[in-house]
Amino acid sequence: MKKSTFKRVAALAVAGVMTATCFAGCGGTSSSGSSEGSASGNAKNGKVYYLNFKPEQDQAWQDLAKAYTEETGIEVTVKTAAEGTYESTLTAEMDKDDAPTLFQVNGPVGLANWKDYCADLSGSDIYKQLTSTDYALEEDGKVYGIAYVIETYGLIYNKTLLQKYCDSDFATVKSIDDINSFDKLKTVAEEIQKNKDALGVKGAFTSAGMDSSSDWRFKTHLANLPIYFEYKDRNITSTDAIEGKYLDNYKNIWDLYINNSTCDPADLASKKGTDAETEFTTGEAVFFQNGSWEYSILTKAGMTDDQLGMMPIYIGVGDEANQGLCTGSENYWCVNKNASADDQAATLEFINWCVTSDKGTTALADDMGFVIPFKDAKEATNVFVKIDNELTAEGKTPVSWNFTTMPSENWKNGVGTALTQYAAGTGDWDAVVTAFVQGWKTEYAANNS
Amino acid sequence: MFRKGKRKIYSLIFVLPTFAAFIIGFIYPFFNGVYLSFCEFRTTSDAVFIGVDNYIKAFQNEGFLHSFWFTVMFVIVSVVLINVIAFFVAYALTLGIRGSNIFRTVFFVPNLVGGIILGYIWQYIFNGILQYYGTNLALDSRFGFWGLIILMCWQQAGYMMIIYIAGFQSVPKDLYEAARIDGANKKQLLTNVTMPMMMPSITICTFLTLTNSFKLFDQNLALTNGAPGVVSATSGTTVYQTEMLALNIYKTFYANQNSRGVGQAEGVIFFVIVVVIALVQLYFTRRKEVQQ
């Protein structure tokens with residue numbers, strides 16, 4: 001009998017432990033008596049949980065968080081969502097008791113998803129640190145997001161190769177600085193393509209790959225230009241129905257890219273972002289449409305600052321001589337309104353520290369390579385950012401980032417597929433127009449009904 | 001050692017951990033999911049009940065309807081092909097040819113590779129071939145469809161083959177002998193002896209292939225991700241030509257700020273469809289099973 005009592009106890013214990021481990025996996029520590037409203041809490045009692053968007057900067061953020069904790073004793077957790085899963089990770093994390101106190105949205109369309117979770121930052125210190133209120137994400141008179149990194153894109157070119165073209169006999173354009181319109185760019189590109197053997201290149205442009213690692217350069221970034229000029233004409237900043245006024249120009253630049261490139265247009269569907277990078281860094285192509293974030297990749301591949309240049313993407317609209325690079329942000333910090341007042345206060349202090357303290361600005365500029373739109377920002381070493389500053393100083397008008405108002409991912413994918421089909425010759429340009437104009441209307445309605 | 005009553009109590013105690021896990025991991029999410037399909041929500045904790053709106057939107061979703069028919073076509077073709085291939089491979093490998101154990105292993109191995117990896121590997125293979133003809137998986141939905149079929153046959157046939165081999169080996173030899181003495185020819189042996197005796201294997205294999213094909217997600221995501229997505233000229237909706245139900249539901253869920261409930265409703269509809277079809281199939285194939 002004694003034996004069986006022991007067995008019974010043992011069995012119960014085992015079952016109990018197993019059940020407990022089951023629950024432990026799912027249970028959470030319930031804290032944070034979620035109090036609404038502004039951050040009047042005590043930062044010393046709060047903690048910060050940052051859900052980071054950029055996987056390539058994960059380590060730098062971890063280090064910075066550690067440095068902050070050592071300095072102030074406030075706990076900072078940084079988690080990074082895997083590439084392309086930010087929205088689903090954020091959805092899952094927001095459901096937890098320990099939800100992120102700091103997260104990010106990509107602009108007005110992304111904000112629509114999370115507006116109910118965003119605290120008003122208009123009274124915060126970090127808002128006052130912005131160099132321009134243009135970098136705040138405002139709606140209904142409230143500040144929901146603060147841009148923390150400014151990026152620039154355009155046509156990156158290989159200075160050495162382009163100069164070689166300008167010095168050649170067959171060149172119509174004799175100086176790089178003379179390329180200041182679509183017509184000139186077209187002349188240059190076509191002449192390079194025609195004389196590619198003489199120049200020792202494979203094509204004027206790198207392959208405009210339409211694999212998902214590269215298609216955003218065209219369905220999103222290049223598509224920004226016709227949208228930008230249309231918005232400018234209509235004097236609006238977003239719309240429920242795009243007219244597609246400058247789609248012919250979009251077609252012209254796309255034709256130029258695909259017909260004067262290192263590969264057959266039919267091969268573009270499977271070309272990747274790394275293909276274009278390799279073509280550019282090995283000197284097989286002269287032009288490469290991309291942005292300031294490519295700087296570290298290009299220099300790591302052995303290119304030097306004096307080999308690199310960037311010019312505006314000319315599509316033949318407006319005052320081209322005074323057109324600048326495309327500069328803006330799609331990374332906005334938002335503070336979780338449902339976090340406890342203490343946590344909100346701690347979060348605000350943390351981000352303010354990041355952009356004002358010596359350690360913070362150094363880490364953002366040097367470790368992460370960011371250009372931040374704050375007063376205490378350190379000067380960037382990025383050559384593309386320098387070019388952007390120079391052009392702006394010369395009085396050129398930067399092209400703003402309007403692709404943050406594109407109605408949805410579906411819209412981008414629709415345009416992307418149509419562009420791919422058009423390049424391969426299996427679809428016509430009308431499909432691109434349909435995806436652009438009709439698709440916009442439908443997706444906008446679906447998103448805002 | 002124990003009396004019967006006591007044994008019952010013990011069995012209950014030992015079932016408890018698994019049962020608790022089942023409730024937490026399956027029963028609760030399932031009912032919560034059904035409830036959420038009637039709600040508008042961003043995270044599961046801010047759900048607001050709105051009634052059947054999501055279901056109406058789901059049935060109006062062109063992409064969902066397209067993916068339904070695409071999935072049905074895919075299921076029909078893949079169930080037939082996988083089972084026919086697996087059956088004959090199993091038949092060939094039970095004839096006692098030399099090295100059949102090696103062949104069994106070779107055919108089974110693809111099943112051990114994860115779906116996402118398989119999808120990407122086959123994407124390279126198909127695109128490598130198609131590039132030669134100046135085209136690409138992402139350009140034509142026919143390539144995506146047949147690509148998926150080939151991938152699934154390659155992956156699943158080996159697993160089904162193992163089940164069929166077990167089935168072949170369990171047919172008693174004396175039945176064949178008796179049938180032969182009664183004058184049955186080879187074809188009659190197959191249709192009147194082997195097939196009826198194999199019905200349990202056929203039931204389980206069709207059930208597995210049917211539900212697997214219906215629920216296919218990873219391979220679809222990795223191989224084509226739904227491409228090409230065509231924007232309809234009339235409605236402006238993007239319809240992904242090679243998107244199957246599970247992928248469509250996943251994408252609908254994250255499509256925009258209003259679509260989570262719709263995705264959830266599609267998930268419930270999907271569940272009902274799979275259950276009904278699987279039960280009907282089980283009912284019909286079970287009826288054909290015979291007692292030894």
# chains A, B, ... in the order shown; residues from 1 in each chain; ligands from 1
>>> interface_residues(of="chain B", to="chain A", cutoff="9 Å", atoms="only C-alpha atoms", output="number ranges by chain")
B: 2, 10, 13-18, 20-21, 24, 42-46, 127, 131, 134-140, 227-240, 254-259
>>> residues_around(residues="Phe350 of chain A", least_positions_apart="6", cutoff="9 Å", atoms="only C-alpha atoms", output="PyMOL selection string")
chain A and resi 48+65+68+74+76
>>> write_last_selection(atoms="N, CA and C atoms", output="short mmCIF file (atom, residue, chain, number, x, y, z; two decimals), in the first residue's frame")
data_model
loop_
_atom_site.label_atom_id
_atom_site.label_comp_id
_atom_site.auth_asym_id
_atom_site.auth_seq_id
_atom_site.Cartn_x
_atom_site.Cartn_y
_atom_site.Cartn_z
N VAL A 48 11.50 50.12 -21.61
CA VAL A 48 11.31 50.35 -23.03
C VAL A 48 11.37 49.03 -23.77
N ALA A 65 21.09 49.99 -26.86
CA ALA A 65 20.16 49.76 -25.74
C ALA A 65 20.95 49.43 -24.48
N TYR A 68 22.56 52.46 -23.04
CA TYR A 68 21.59 53.31 -22.36
C TYR A 68 21.25 52.75 -20.98
N ILE A 74 17.69 52.23 -16.86
CA ILE A 74 16.37 51.91 -17.40
C ILE A 74 16.50 50.76 -18.41
N VAL A 76 16.01 48.49 -21.46
CA VAL A 76 15.57 48.65 -22.85
C VAL A 76 15.69 47.31 -23.55
#
>>> select_by_dssp(residues="segment 44-251 of chain B", states="alpha helix (DSSP H)", output="MDAnalysis selection string")
chainID B and resid 53:60 62:93 100:108 115:132 141:170 173:181 186:188 195:214 218:223 245:251
>>> residues_around(residues="segment 177-194 of chain B", least_positions_apart="2", cutoff="12 Å", atoms="only C-alpha atoms", output="MDAnalysis selection string")
chainID B and resid 87:88 91 164:165 167:175 196:202 288:290 292
>>> residues_around(residues="Ser213 of chain B", least_positions_apart="3", cutoff="10 Å", atoms="only C-alpha atoms", output="number ranges by chain")
B: 71-72, 74-79, 149, 152, 156, 207-210, 216-217, 244
>>> write_last_selection(atoms="N, CA and C atoms", output="compact mmCIF listing (two decimals), in the first residue's frame")
# COMPACT_ATOMS: atom_id res chain seq x y z
N THR B 71 -7.54 26.19 -56.41
CA THR B 71 -7.24 25.11 -55.46
C THR B 71 -7.98 23.83 -55.84
N VAL B 72 -9.25 23.95 -56.24
CA VAL B 72 -10.02 22.77 -56.62
C VAL B 72 -9.35 22.06 -57.79
N PHE B 74 -6.27 22.24 -58.68
CA PHE B 74 -4.99 21.70 -58.21
C PHE B 74 -5.21 20.40 -57.44
N VAL B 75 -6.23 20.38 -56.58
CA VAL B 75 -6.50 19.20 -55.76
C VAL B 75 -6.85 18.01 -56.65
N ILE B 76 -7.73 18.23 -57.63
CA ILE B 76 -8.15 17.12 -58.49
C ILE B 76 -6.93 16.52 -59.18
N VAL B 77 -6.14 17.39 -59.83
CA VAL B 77 -4.99 16.88 -60.59
C VAL B 77 -3.97 16.22 -59.67
N SER B 78 -3.67 16.87 -58.55
CA SER B 78 -2.60 16.34 -57.71
C SER B 78 -3.01 15.05 -57.01
N VAL B 79 -4.27 14.96 -56.55
CA VAL B 79 -4.69 13.73 -55.88
C VAL B 79 -4.58 12.54 -56.83
N ILE B 149 2.27 21.24 -59.26
CA ILE B 149 1.89 19.83 -59.38
C ILE B 149 3.14 18.95 -59.35
N MET B 152 4.65 18.87 -55.87
CA MET B 152 3.89 18.09 -54.90
C MET B 152 3.99 16.59 -55.18
N GLN B 156 5.29 14.21 -52.36
CA GLN B 156 4.31 13.37 -51.66
C GLN B 156 4.29 11.92 -52.13
N PHE B 207 -7.13 10.43 -48.53
CA PHE B 207 -7.44 11.39 -47.47
C PHE B 207 -6.25 12.34 -47.25
N LEU B 208 -5.07 11.75 -47.14
CA LEU B 208 -3.88 12.57 -46.88
C LEU B 208 -3.57 13.52 -48.03
N THR B 209 -3.62 13.00 -49.25
CA THR B 209 -3.29 13.88 -50.38
C THR B 209 -4.35 14.96 -50.55
N LEU B 210 -5.60 14.59 -50.35
CA LEU B 210 -6.69 15.56 -50.50
C LEU B 210 -6.53 16.71 -49.52
N LEU B 216 -2.39 23.37 -48.81
CA LEU B 216 -1.03 23.71 -49.22
C LEU B 216 -0.72 25.19 -49.00
N PHE B 217 0.40 25.47 -48.35
CA PHE B 217 0.75 26.87 -48.10
C PHE B 217 2.23 27.16 -48.41
N MET B 244 -3.26 29.86 -53.83
CA MET B 244 -4.21 28.88 -53.32
C MET B 244 -4.90 29.43 -52.07
>>> closest_residue(among="B:Gln155, B:Ile56, B:Ala265, B:Ala278", to="Gly115 of chain B", atoms="only C-alpha atoms")
B:Gln155
>>> residues_around(residues="segment 219-222 of chain B", least_positions_apart="5", cutoff="10 Å", atoms="only C-alpha atoms", output="number ranges by chain")
B: 114-123, 144-145, 147-148, 151-152, 227, 242-248
>>> atom_distance(atom1="atom CA of Cys153 of chain B", atom2="atom CA of Ile85 of chain B")
8.0 Å
>>> closest_residue(among="A:Gln62, A:Thr69, A:Asn290, A:Thr85", to="Lys251 of chain B", atoms="only C-alpha atoms")
A:Thr85
>>> residues_around(residues="Gly209 of chain A", least_positions_apart="3", cutoff="6 Å", atoms="only C-alpha atoms", output="NGL selection string")
:A and (214 or 268 or 271-272)
>>> write_last_selection(atoms="N, CA and C atoms", output="short mmCIF file (atom, residue, chain, number, x, y, z; two decimals), in the first residue's frame")
data_model
loop_
_atom_site.label_atom_id
_atom_site.label_comp_id
_atom_site.auth_asym_id
_atom_site.auth_seq_id
_atom_site.Cartn_x
_atom_site.Cartn_y
_atom_site.Cartn_z
N SER A 214 14.14 43.14 -55.55
CA SER A 214 14.56 44.28 -56.36
C SER A 214 13.39 45.05 -56.96
N LEU A 268 14.34 39.73 -67.02
CA LEU A 268 14.26 40.56 -65.82
C LEU A 268 13.45 39.93 -64.70
N LYS A 271 15.65 38.33 -62.19
CA LYS A 271 16.87 39.01 -61.73
C LYS A 271 16.68 39.57 -60.33
N LYS A 272 17.72 39.42 -59.52
CA LYS A 272 17.63 39.84 -58.11
C LYS A 272 18.36 41.14 -57.85
#
